[in-house]
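Content type compact mmCIF, C-alpha atoms, from the file target_5.txt:
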# COMPACT_ATOMS: atom_id res chain seq x y z
CA MET V 1 177.36 -45.36 -21.13
CA PHE V 2 177.98 -47.26 -24.36
CA LEU V 3 174.26 -47.30 -25.17
CA MET V 4 173.97 -43.59 -24.51
CA GLY V 5 176.87 -42.85 -26.87
CA LEU V 6 175.36 -45.10 -29.54
CA MET V 7 171.99 -43.36 -29.28
CA LEU V 8 173.58 -39.92 -29.54
CA SER V 9 175.60 -40.88 -32.61
CA LEU V 10 172.50 -42.29 -34.32
CA ALA V 11 170.56 -39.14 -33.48
CA GLY V 12 173.31 -37.05 -35.09
CA VAL V 13 173.21 -39.10 -38.28
CA LEU V 14 169.42 -38.86 -38.50
CA PHE V 15 169.45 -35.13 -37.83
CA SER V 16 172.13 -34.42 -40.45
CA SER V 17 170.14 -36.25 -43.14
CA THR V 18 166.99 -34.21 -42.43
CA LEU V 19 168.77 -30.84 -42.58
CA PRO V 20 169.05 -30.66 -46.41
CA SER V 21 165.41 -31.74 -46.71
CA SER V 22 164.19 -29.00 -44.40
CA LYS V 23 166.35 -26.41 -46.20
CA PHE V 24 164.78 -27.49 -49.51
CA SER V 25 161.25 -27.23 -48.11
CA ALA V 26 161.98 -23.82 -46.59
CA THR V 27 163.39 -22.50 -49.88
CA THR V 28 160.34 -23.75 -51.78
CA ARG V 29 158.00 -22.03 -49.29
CA GLU V 30 160.02 -18.79 -49.41
CA VAL V 31 159.97 -18.60 -53.22
CA ALA V 32 156.19 -19.18 -53.24
CA ALA V 33 155.74 -16.58 -50.49
CA THR V 34 157.76 -14.05 -52.53
CA ILE V 35 155.43 -14.60 -55.49
CA ARG V 36 152.35 -14.14 -53.28
CA HIS V 37 153.85 -11.04 -51.66
CA ALA V 38 154.57 -9.42 -55.03
CA ARG V 39 150.99 -10.03 -56.12
CA ALA V 40 149.64 -8.48 -52.90
CA LEU V 41 151.97 -5.47 -53.19
CA ALA V 42 150.84 -4.83 -56.77
CA GLN V 43 147.21 -4.78 -55.70
CA LEU V 44 147.73 -2.74 -52.52
CA ARG V 45 150.04 -0.10 -53.99
CA GLY V 46 148.42 0.04 -57.41
CA GLU V 47 151.88 -0.38 -58.97
CA ASP V 48 153.20 -3.19 -61.11
CA GLN V 49 155.65 -5.49 -59.31
CA LYS V 50 158.29 -7.84 -60.71
CA VAL V 51 159.80 -10.95 -59.21
CA THR V 52 163.21 -11.66 -60.71
CA ILE V 53 164.81 -15.08 -60.53
CA ASP V 54 168.48 -15.01 -61.47
CA MET V 55 169.45 -18.62 -62.06
CA ASP V 56 173.12 -17.81 -62.74
CA ALA V 57 173.62 -15.77 -59.55
CA ARG V 58 171.24 -18.14 -57.67
CA LYS V 59 169.11 -15.29 -56.28
CA TYR V 60 165.47 -14.26 -56.38
CA GLY V 61 163.39 -11.40 -55.08
CA ILE V 62 160.96 -8.59 -55.72
CA ASP V 63 162.59 -5.73 -57.60
CA ASN V 64 163.70 -2.84 -55.38
CA ALA V 65 163.98 -5.23 -52.44
CA THR V 66 166.74 -7.37 -51.03
CA ALA V 67 167.37 -10.50 -53.08
CA ARG V 68 167.42 -13.87 -51.34
CA GLU V 69 169.87 -16.61 -52.17
CA ILE V 70 169.08 -20.11 -53.35
CA PRO V 71 171.08 -22.45 -51.07
CA PRO V 72 173.78 -24.71 -52.53
CA GLY V 73 172.52 -28.11 -53.59
CA ILE V 74 169.17 -26.76 -54.79
CA SER V 75 168.65 -26.27 -58.52
CA ILE V 76 165.99 -24.09 -60.13
CA LYS V 77 164.45 -23.64 -63.57
CA ILE V 78 161.38 -21.95 -65.02
CA ILE V 79 158.92 -23.57 -67.39
CA ASP V 80 157.59 -20.73 -69.51
CA PRO V 81 154.44 -21.38 -71.58
CA LEU V 82 156.05 -19.79 -74.66
CA LEU V 83 159.81 -20.25 -74.18
CA GLY V 84 159.81 -23.72 -72.62
CA ASP V 85 162.49 -24.57 -70.05
CA VAL V 86 164.61 -21.63 -68.89
CA ALA V 87 167.55 -22.74 -66.73
CA THR V 88 170.02 -19.87 -67.14
CA GLY V 89 169.96 -16.10 -66.98
CA LYS V 90 167.32 -13.90 -65.40
CA TYR V 91 163.59 -14.50 -65.61
CA GLN V 92 160.89 -12.07 -64.48
CA PHE V 93 157.33 -12.62 -63.41
CA ASN V 94 155.37 -9.39 -63.90
CA PHE V 95 152.44 -8.68 -61.59
CA PRO V 96 150.22 -5.89 -62.94
CA SER V 97 148.33 -3.78 -60.43
CA ILE V 98 145.04 -4.81 -62.06
CA GLY V 99 145.66 -8.50 -61.27
CA GLY V 100 146.78 -11.58 -63.13
CA VAL V 101 150.28 -12.56 -64.16
CA GLU V 102 152.03 -14.20 -67.05
CA GLY V 103 151.77 -17.89 -66.19
CA GLY V 104 154.65 -20.21 -65.62
CA THR V 105 156.01 -22.87 -63.33
CA ILE V 106 159.06 -22.70 -61.08
CA VAL V 107 160.75 -26.06 -60.56
CA LEU V 108 163.14 -26.60 -57.65
CA TRP V 109 165.00 -29.83 -57.03
CA ASN V 110 167.84 -31.39 -55.10
CA SER V 111 169.23 -34.92 -55.02
CA LYS V 112 166.15 -36.30 -53.25
CA LYS V 113 163.15 -34.08 -53.97
CA THR V 114 161.44 -32.02 -56.64
CA ALA V 115 158.86 -29.29 -56.07
CA ARG V 116 156.82 -27.24 -58.53
CA ILE V 117 155.40 -23.79 -57.87
CA GLU V 118 152.64 -23.28 -60.39
CA ILE V 119 151.53 -19.71 -61.01
CA ASP V 120 147.95 -19.28 -62.16
CA PRO V 121 147.88 -16.71 -64.99
CA ILE V 122 144.35 -15.49 -64.21
CA VAL V 123 144.42 -14.87 -60.48
CA GLY V 124 148.20 -14.86 -59.98
CA SER V 125 148.22 -17.39 -57.17
CA ALA V 126 151.25 -19.56 -56.44
CA VAL V 127 150.53 -23.20 -55.58
CA VAL V 128 153.27 -25.56 -54.39
CA LYS V 129 152.99 -29.12 -55.69

As structure tokens, please, write out the structure in this file.
Amino acid sequence: MFLMGLMLSLAGVLFSSTLPSSKFSATTREVAATIRHARALAQLRGEDQKVTIDMDARKYGIDNATAREIPPGISIKIIDPLLGDVATGKYQFNFPSIGGVEGGTIVLWNSKKTARIEIDPIVGSAVVK
């Protein structure tokens, strides 16, 4: 009985330490998927699309759609080719219907990990690194 209780308590500790890591990875994938979705919508509908990242309100999303929240403990900033680091306010990535996008990099981090979502300015793809 003692061994069973010890194993269960260790499993709980291990599980609780992996939860923030999986939330971080999921958020990174969701932000990249939002970028890819906006690009696809622009091409399919023939209408320009914008992805807005509001670093103060900790939300992101495609305009005219429901914004998603950035979970607590995860920080975000944009590295703009012209402006440099943007860590406050709203930042928009514009996806023209004819393709391409203004380049930039989205950086997400928490206490243990850092991820970069690099947006290719020619084809508009989002690559997680």

Restricting the calculation to all atoms listed in the file, which member of V:Ala57, V:Ile76, V:Ala87, V:Leu82 is positioned closest to V:Leu108?
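Looking only at the distances to V:Leu108, the closest residue turns out to be V:Ile76.
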
Distance of atom CA of V:Val107 from atom CA of V:Ala126, expressed in Å to one decimal place:
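Atom CA of V:Val107 lies 12.2 Å from atom CA of V:Ala126.
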
Using only C-alpha atoms, which protein or nucleic acid residues come within 6 Å of V:Gly104? Drop anything in the same chain fewer than 3 positions from it, and give the result as a tab-separated table (two decimals) with C-alpha atoms, in the frame of the given file.
chain	number	residue	atom	x	y	z
V	79	ILE	CA	158.92	-23.57	-67.39
V	80	ASP	CA	157.59	-20.73	-69.51
V	119	ILE	CA	151.53	-19.71	-61.01

Check the smallest atom-to-atom distance from each of V:Ile78, V:Ala67, V:Val86, V:Met55 to V:Glu30 using all atoms listed in the file, then report the winner.
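Among the listed residues, the smallest separation from V:Glu30 belongs to V:Ala67.
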
Could the residues of stretch 18-79 of chain V that have an atom at most 6 Å from stretch 97-101 of chain V be listed as JSON lines, each with its closest atom pair and the distance in Å to one decimal, counting only C-alpha atoms and ordered by chain and ascending residue number?
{"residue": "V:Ala42", "atom": "CA", "partner": "V:Ser97", "partner_atom": "CA", "distance": 4.6}
{"residue": "V:Gln43", "atom": "CA", "partner": "V:Ser97", "partner_atom": "CA", "distance": 5.0}
{"residue": "V:Gly46", "atom": "CA", "partner": "V:Ser97", "partner_atom": "CA", "distance": 4.9}
{"residue": "V:Glu47", "atom": "CA", "partner": "V:Ser97", "partner_atom": "CA", "distance": 5.1}
{"residue": "V:Asp48", "atom": "CA", "partner": "V:Ser97", "partner_atom": "CA", "distance": 5.0}

Can you measure atom CA of V:Gly61 to atom CA of V:Lys129 for me? One decimal in Å is fine.
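Separation between atom CA of V:Gly61 and atom CA of V:Lys129: 20.6 Å.
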
Please report the interatomic distance between atom CA of V:Val123 and atom CA of V:Val31 in Å with one decimal.
17.6 Å

Neighbouring residues of V:Lys50 were defined as those with any atom within 8 Å, considering all atoms listed in the file; residues of the same chain fewer than 3 positions away were excluded. Please report them as a list in words.
Ala38, Ile62, Asp63, Gln92, Phe93, Asn94 and Phe95 of chain V

Which is closest to V:Asp54 among V:Ser75, V:Thr28, V:Thr105, V:Thr114, if we use only C-alpha atoms?
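Under the stated criterion, the closest residue is V:Ser75.
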
Between V:Ala33, V:Val128, V:Leu83, V:Leu44, which one has atoms that come closest to V:Arg116, using all atoms listed in the file?
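That would be V:Val128, the residue with the smallest distance to V:Arg116.
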
Quick one: residues within 8 Å of V:Glu69, all atoms listed in the file counted, chain neighbours fewer than 3 positions away excluded, as JSON, numbers by chain?
{"V": [58, 59, 60]}

Nearest to V:Thr88, chosen from V:Ala32, V:Ile53, V:Ile74, V:Ile106, with only C-alpha atoms counted in the distances
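Going through V:Ala32, V:Ile53, V:Ile74, V:Ile106 one by one, the smallest distance to V:Thr88 is for V:Ile53.
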
For V:Ala40, which residue among V:Gly103, V:Asn110, V:Ile117, V:Pro96 is the nearest when counting all atoms listed in the file?
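That would be V:Pro96, the residue with the smallest distance to V:Ala40.
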
For stretch 23-40 of chain V, I'd like the enclosing box, axis-aligned and padded by 8 Å on every side, reported as lines of an AutoDock Vina configuration file with centre and edge lengths in Å to one decimal.
center_x = 158.0
center_y = -18.0
center_z = -51.2
size_x = 32.7
size_y = 35.0
size_z = 25.9
